[in-house]
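Okay, structure first, notes after.
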Amino acid sequence: MAAALPVRAQVPAAGAEVRQHATWSPYDDNGGTVVAVAGDDYCVVAASTRMSTGYSILTRDKTKILRLNPKCVVASAGMQADMETLHKMLHMHHVKYHFNHRKPMSCPATAQLLSNTLYYKRFFPYYTFNLCAGLDEEGRGAVYTYDAIGSYERVGYGCQGSGKELIQPVLDNQLKAASPLVLPQQQWLSSLPLGRPCSHQQTSPALTNLQQWLSSLPLEQAVDLVKGAFVSAGERDIYTGDDVEILVITKEGVRTDRLELKRD
Amino acid sequence: MDEGSAPPGAPTCQPAKPSPPSTTQPQHYYCLPTRSNRQQSTDLKLLVLGCGLVALHTWLVHHNAGAQLHMLHMVQVWYPYVTGTSVLGITYKDGVLLASDTLGAYGSTKRYKSFERLRKVNDVCVVGASGELSDFQYIMRLLEELSDDDFCMDDGHHLKPHEVHSYLCRVLYNRRNKMDPLWNSLVVGGFYGGKPFLGTVGMIGTNYTDDHVATGFGNHLARPLMREKHRPDMSEEEATALMHDCLKVCYYRDKNSINKFQLAKVTAEGVTVSEPFALETNWNYTLFANPAANAPGTW
């Protein structure tokens, strides 16, 4: 006769499957927020340094920014292991480009490379949400925003990661980007040069008449806006906190600043 | 970086002249000769294996065994059988401490009670493992192969702690990409160049370095203590005391743990892994005896 074995572990909860053993997923969300704002002759890039899993903080000091050269960086949120791999790939391609061309890769070229690198893994994607930011060949601030599989667009400012829902509308409001649904179309803050469209992108009516907007945002104001956005996101988003790394990219080089957020 | 300057890590000169036409083997400019030889022998093995697979394929087709052939292409997914619980690590003034218990649990059975989960890699580095212990033994074999290669080269070089960490990150991440993960969370502790190193990596490759790390339950139970009490300039005595506190809390609250621990220490003097020891525990705390005392309505 079969012994009376404890069966508690095999009784499923109402409507739930029995969990036979530990399961695993190749993906994890380690949280974090990245923001970039382009100006006329500068670019501000910021990223929180907390790395989490679920409700646990793994570490309070993990950079999310890959500094490729003094005119281009890539900032990523999402899964840390994929982010590190992606950054290693980009770094390797950048070094090879440097070998072959004897100059660092430009920001628009890096943007295209990042898109290709992401799309290369279209059917097992890198779980990363990226911004490519820096100065373009004319020395204007440039921000490119991506989805996980490589669709990308040049914008005047961008936000990715766990705090995106909190920060993006604030940036939209403060940087005067009207909804594309509003007609007639409003002017956008964008770093696309007036009358000189990017070789591979069309200048839409929404992107014209922006020169005054570009020069209307001084660097200090942009940095303050980014800091304020992170402080606010840190209040409400558990995955944004600890510290914010802020990079200010100008033609003189990259200046690094650090902002402390709440550690709760 | 100036325009036109060499990229970081670029060699200052071109590789050697192209190989003479008489050479039939491909030249590996950046590989050591021993590696090329090994590559060739591996190629030979692959050839033999390939012939074997063709024969197997023929056999399967002739025996109308398409189903089995299909099985060959399926990804084998493993689940952990014998597991170790948390590994803890902290840095201190002149080194790194790692600690874990010595249990290999089969489900919730305390199956192997003297399994050493902290292992020396070389004179500057130790690795601790939680998760599937057979996978850990496989990982240690990989590391031993690397250490053996270093020894045979006999040039005094060895893997530095951050290199071991980086290597393990790539191995674990690579296996998760194959949907066949090594079911471990590893801690790498080391001391090199006058600086302590402490890093960890999980089964999907997620990794970080910090002044204190803990895997599994340790991240919930021990790290709050570490965040409260740890300083980078702690003395060895202070660090050991903190570690004992952390181990004790883990033992009190982690069902899959036993009161038999090991402590590994890496300093400028080298690596020592202690003999197993027990800690003094006290189960007479009021809240252990009556856990619902402050929570009316529960039992």
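By order in the structure tokens, chains are A, B, ...; within a chain, residues start at 1; ligands start at 1, following the order shown.
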Using only C-alpha atoms, select each residue of chain A with any atom at most 6 Å away from an atom of chain B, and give the selection as a ChimeraX atom specification. /A:80-81,95,98,102-103
Non-local contacts of B:His162 (10 Å; only C-alpha atoms; under 6 positions in same chain excluded) as number ranges by chain: B: 125, 168, 188-192, 197-199, 209
Determine which residues of stretch 20-254 of chain A DSSP labels as helix (DSSP H, G or I) from the backbone of this structure, then write them out as an MDAnalysis selection string. chainID A and resid 80:101 107:120 164:174 205:207 211:215 219:236
Residues as selected, C-alpha atoms, written as a short mmCIF file (atom, residue, chain, number, x, y, z; two decimals), in the first residue's frame, can you do that?
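The resulting file, selection-v7.cif, is shown below:
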data_model
loop_
_atom_site.label_atom_id
_atom_site.label_comp_id
_atom_site.auth_asym_id
_atom_site.auth_seq_id
_atom_site.Cartn_x
_atom_site.Cartn_y
_atom_site.Cartn_z
CA GLN A 80 22.02 44.27 -17.82
CA ALA A 81 23.58 41.18 -19.43
CA ASP A 82 22.19 42.08 -22.87
CA MET A 83 23.24 45.70 -22.34
CA GLU A 84 26.80 44.69 -21.55
CA THR A 85 26.96 42.42 -24.58
CA LEU A 86 25.53 45.13 -26.83
CA HIS A 87 28.03 47.64 -25.48
CA LYS A 88 30.90 45.21 -26.02
CA MET A 89 29.80 44.67 -29.62
CA LEU A 90 29.54 48.40 -30.27
CA HIS A 91 32.90 49.02 -28.64
CA MET A 92 34.50 46.32 -30.77
CA HIS A 93 33.01 47.73 -33.97
CA HIS A 94 34.12 51.19 -32.95
CA VAL A 95 37.71 50.03 -32.43
CA LYS A 96 37.68 48.26 -35.80
CA TYR A 97 36.27 51.38 -37.48
CA HIS A 98 39.04 53.36 -35.84
CA PHE A 99 41.63 50.94 -37.24
CA ASN A 100 40.24 51.14 -40.74
CA HIS A 101 39.44 54.84 -40.98
CA CYS A 107 27.32 59.98 -34.06
CA PRO A 108 24.99 59.41 -37.04
CA ALA A 109 27.13 56.45 -38.15
CA THR A 110 27.06 54.98 -34.64
CA ALA A 111 23.29 55.45 -34.64
CA GLN A 112 22.95 53.38 -37.81
CA LEU A 113 25.38 50.78 -36.45
CA LEU A 114 23.34 50.46 -33.24
CA SER A 115 20.18 49.96 -35.28
CA ASN A 116 21.84 47.24 -37.37
CA THR A 117 23.29 45.57 -34.27
CA LEU A 118 19.86 45.44 -32.65
CA TYR A 119 18.10 44.23 -35.78
CA TYR A 120 20.72 41.51 -36.27
CA LYS A 164 10.08 56.71 -19.35
CA GLU A 165 6.37 57.03 -18.63
CA LEU A 166 7.09 59.58 -15.91
CA ILE A 167 9.75 61.66 -17.65
CA GLN A 168 8.79 61.70 -21.31
CA PRO A 169 5.60 63.77 -20.89
CA VAL A 170 7.47 66.31 -18.77
CA LEU A 171 10.11 66.68 -21.47
CA ASP A 172 7.36 66.95 -24.10
CA ASN A 173 5.77 69.72 -22.10
CA GLN A 174 8.89 71.63 -21.16
CA PRO A 205 7.04 70.13 -41.85
CA ALA A 206 7.12 69.55 -38.09
CA LEU A 207 10.88 69.76 -38.12
CA GLN A 211 16.53 77.19 -35.15
CA GLN A 212 15.15 79.56 -32.54
CA TRP A 213 14.07 76.67 -30.39
CA LEU A 214 17.51 75.21 -30.46
CA SER A 215 19.17 78.39 -29.33
CA LEU A 219 22.86 74.29 -21.46
CA GLU A 220 22.32 75.08 -17.76
CA GLN A 221 18.57 74.98 -18.25
CA ALA A 222 18.78 71.64 -20.02
CA VAL A 223 20.87 70.13 -17.20
CA ASP A 224 18.44 71.49 -14.60
CA LEU A 225 15.52 70.03 -16.49
CA VAL A 226 17.17 66.61 -16.65
CA LYS A 227 18.06 66.71 -12.95
CA GLY A 228 14.52 67.73 -12.02
CA ALA A 229 13.10 64.95 -14.18
CA PHE A 230 15.26 62.32 -12.46
CA VAL A 231 14.47 63.58 -8.96
CA SER A 232 10.76 63.35 -9.78
CA ALA A 233 11.06 59.90 -11.36
CA GLY A 234 13.05 58.73 -8.33
CA GLU A 235 10.09 59.64 -6.13
CA ARG A 236 7.67 57.35 -7.93
#
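For the pair atom CA of A:Tyr42 and atom CA of A:Gly163, the interatomic distance is 23.4 Å.
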Tell me which protein, DNA and RNA residues are within 10 Å of B:Leu98, counting only C-alpha atoms, leaving out same-chain ones fewer than 4 positions away, and put them as a list in words.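 Within the cut-off, the hits are Val87, Leu88, Gly89, Ile90, Thr91, Leu118, Val126, Val127, Gly128, Val187, Val188, Gly189, Gly190, Leu198, His212, Val213, Ala214, Thr240, Met243, Gln262, Leu263, Ala264, Lys265, Val266 and Val273 of chain B.
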Mind giving me the straight-line distance from atom CA of B:Gly84 to atom CA of B:Glu228 in Å, one decimal? 25.9 Å
Please provide the set of residues having any atom within 7 Å of stretch 20-33 of chain A, restricted to only C-alpha atoms, with same-chain residues fewer than 3 positions apart removed, written as a ChimeraX atom specification. /A:47-48,50-53,77-80,160-164,239-240 /B:79,176,204
Mind writing the picked residues with all heavy atoms as a compact mmCIF listing (two decimals), in the first residue's frame?
# COMPACT_ATOMS: atom_id res chain seq x y z
N ALA A 47 21.90 59.00 -16.93
CA ALA A 47 21.42 57.64 -16.67
C ALA A 47 21.49 57.36 -15.19
O ALA A 47 22.47 57.71 -14.53
CB ALA A 47 22.25 56.62 -17.44
N SER A 48 20.45 56.72 -14.65
CA SER A 48 20.47 56.32 -13.24
C SER A 48 21.42 55.14 -13.09
O SER A 48 21.70 54.42 -14.06
CB SER A 48 19.08 55.95 -12.77
OG SER A 48 18.62 54.80 -13.45
N ARG A 50 21.17 52.68 -10.53
CA ARG A 50 20.66 51.54 -9.77
C ARG A 50 20.44 50.35 -10.72
O ARG A 50 20.02 50.52 -11.86
CB ARG A 50 19.33 51.90 -9.10
CG ARG A 50 18.67 50.72 -8.41
CD ARG A 50 17.43 51.12 -7.68
NE ARG A 50 17.73 52.01 -6.56
CZ ARG A 50 16.81 52.51 -5.76
NH1 ARG A 50 15.54 52.20 -5.93
NH2 ARG A 50 17.15 53.32 -4.78
N MET A 51 20.75 49.15 -10.20
CA MET A 51 20.48 47.92 -10.95
C MET A 51 19.64 47.02 -10.06
O MET A 51 20.04 46.70 -8.94
CB MET A 51 21.80 47.25 -11.31
CG MET A 51 21.66 45.91 -11.96
SD MET A 51 23.31 45.30 -12.35
CE MET A 51 22.98 43.56 -12.40
N SER A 52 18.46 46.65 -10.53
CA SER A 52 17.52 45.90 -9.69
C SER A 52 17.10 44.61 -10.38
O SER A 52 17.28 44.44 -11.58
CB SER A 52 16.26 46.72 -9.44
OG SER A 52 16.52 48.09 -9.37
N THR A 53 16.49 43.72 -9.58
CA THR A 53 15.75 42.61 -10.16
C THR A 53 14.53 42.41 -9.27
O THR A 53 14.67 42.30 -8.06
CB THR A 53 16.59 41.34 -10.32
OG1 THR A 53 15.81 40.34 -10.95
CG2 THR A 53 17.12 40.81 -9.01
N ALA A 77 18.92 51.07 -21.09
CA ALA A 77 18.23 50.49 -19.93
C ALA A 77 17.68 49.14 -20.36
O ALA A 77 17.68 48.81 -21.54
CB ALA A 77 17.11 51.41 -19.49
N GLY A 78 17.22 48.36 -19.40
CA GLY A 78 16.66 47.05 -19.73
C GLY A 78 17.39 45.95 -18.99
O GLY A 78 17.58 46.04 -17.79
N MET A 79 17.81 44.92 -19.73
CA MET A 79 18.49 43.78 -19.10
C MET A 79 19.99 44.00 -19.12
O MET A 79 20.57 44.23 -20.18
CB MET A 79 18.14 42.50 -19.85
CG MET A 79 18.87 41.29 -19.33
SD MET A 79 18.41 39.85 -20.25
CE MET A 79 19.72 38.74 -19.80
N GLN A 80 20.61 43.91 -17.94
CA GLN A 80 22.02 44.27 -17.82
C GLN A 80 22.93 43.39 -18.67
O GLN A 80 23.86 43.88 -19.31
CB GLN A 80 22.44 44.21 -16.34
CG GLN A 80 23.84 44.71 -16.05
CD GLN A 80 24.87 43.63 -16.19
OE1 GLN A 80 24.56 42.46 -16.11
NE2 GLN A 80 26.11 44.02 -16.44
N GLN A 160 14.31 56.72 -22.14
CA GLN A 160 14.07 55.29 -22.24
C GLN A 160 14.18 54.65 -20.87
O GLN A 160 14.83 55.19 -19.99
CB GLN A 160 15.11 54.63 -23.16
CG GLN A 160 15.03 55.02 -24.61
CD GLN A 160 13.98 54.24 -25.39
OE1 GLN A 160 13.07 53.66 -24.81
NE2 GLN A 160 14.11 54.23 -26.70
N GLY A 161 13.56 53.49 -20.71
CA GLY A 161 13.71 52.73 -19.48
C GLY A 161 12.51 52.82 -18.57
O GLY A 161 11.43 53.25 -18.98
N SER A 162 12.73 52.41 -17.31
CA SER A 162 11.60 52.24 -16.39
C SER A 162 10.93 53.56 -16.04
O SER A 162 9.76 53.59 -15.68
CB SER A 162 12.06 51.52 -15.13
OG SER A 162 13.09 52.25 -14.50
N GLY A 163 11.65 54.69 -16.11
CA GLY A 163 11.06 55.98 -15.77
C GLY A 163 10.52 56.73 -16.96
O GLY A 163 10.12 57.89 -16.85
N LYS A 164 10.49 56.04 -18.11
CA LYS A 164 10.08 56.71 -19.35
C LYS A 164 8.69 57.32 -19.25
O LYS A 164 8.48 58.48 -19.64
CB LYS A 164 10.11 55.68 -20.48
CG LYS A 164 9.68 56.20 -21.83
CD LYS A 164 9.70 55.08 -22.86
CE LYS A 164 8.63 54.05 -22.55
NZ LYS A 164 8.70 52.88 -23.44
N TYR A 239 12.57 51.63 -9.64
CA TYR A 239 13.77 51.19 -10.36
C TYR A 239 14.72 52.35 -10.69
O TYR A 239 15.77 52.14 -11.27
CB TYR A 239 13.38 50.45 -11.64
CG TYR A 239 12.58 49.22 -11.36
CD1 TYR A 239 11.24 49.13 -11.71
CD2 TYR A 239 13.15 48.15 -10.68
CE1 TYR A 239 10.49 48.00 -11.42
CE2 TYR A 239 12.41 47.02 -10.38
CZ TYR A 239 11.09 46.95 -10.75
OH TYR A 239 10.37 45.83 -10.46
N THR A 240 14.29 53.58 -10.38
CA THR A 240 15.15 54.74 -10.61
C THR A 240 15.56 55.29 -9.26
O THR A 240 14.68 55.64 -8.45
CB THR A 240 14.40 55.80 -11.43
OG1 THR A 240 13.97 55.20 -12.64
CG2 THR A 240 15.30 56.98 -11.74
N TYR B 79 16.90 21.10 -15.21
CA TYR B 79 16.48 21.80 -14.01
C TYR B 79 17.38 21.38 -12.88
O TYR B 79 17.94 20.29 -12.89
CB TYR B 79 15.01 21.47 -13.71
CG TYR B 79 14.13 21.98 -14.83
CD1 TYR B 79 13.65 21.12 -15.80
CD2 TYR B 79 13.85 23.33 -14.93
CE1 TYR B 79 12.87 21.60 -16.84
CE2 TYR B 79 13.09 23.82 -15.96
CZ TYR B 79 12.60 22.95 -16.92
OH TYR B 79 11.85 23.44 -17.96
N ARG B 176 23.05 30.80 -21.64
CA ARG B 176 21.64 31.23 -21.65
C ARG B 176 21.21 31.52 -23.09
O ARG B 176 20.06 31.27 -23.46
CB ARG B 176 21.39 32.41 -20.72
CG ARG B 176 21.63 33.78 -21.28
CD ARG B 176 20.32 34.55 -21.52
NE ARG B 176 20.48 35.44 -22.66
CZ ARG B 176 19.62 36.37 -23.04
NH1 ARG B 176 18.51 36.55 -22.38
NH2 ARG B 176 19.83 37.11 -24.10
N ILE B 204 21.67 33.95 -16.02
CA ILE B 204 21.44 34.49 -17.36
C ILE B 204 22.49 35.53 -17.72
O ILE B 204 22.35 36.25 -18.70
CB ILE B 204 20.01 35.06 -17.52
CG1 ILE B 204 19.73 36.13 -16.49
CG2 ILE B 204 18.99 33.96 -17.46
CD1 ILE B 204 18.40 36.84 -16.74
What is the atom CA of B:Val249-atom CA of B:Ala222 distance in Å, reported with one decimal?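 Calculated distance between atom CA of B:Val249 and atom CA of B:Ala222 is 6.9 Å.
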Which one of A:Cys72, A:Leu58, A:Val155, A:Leu66 sits closest to A:Pro104 if you count only C-alpha atoms?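 Checking each candidate against A:Pro104, we get A:Cys72 as the closest.
Taking only C-alpha atoms into account, A:Glu260 lies nearest to A:Arg60 out of the set A:Arg122, A:Val74, A:Tyr55, A:Arg60.
The nearest approach to B:Met234 among the residues B:Val124, B:Val82, B:Ala292, B:Val96, with only C-alpha atoms taken into account, belongs to B:Val96.
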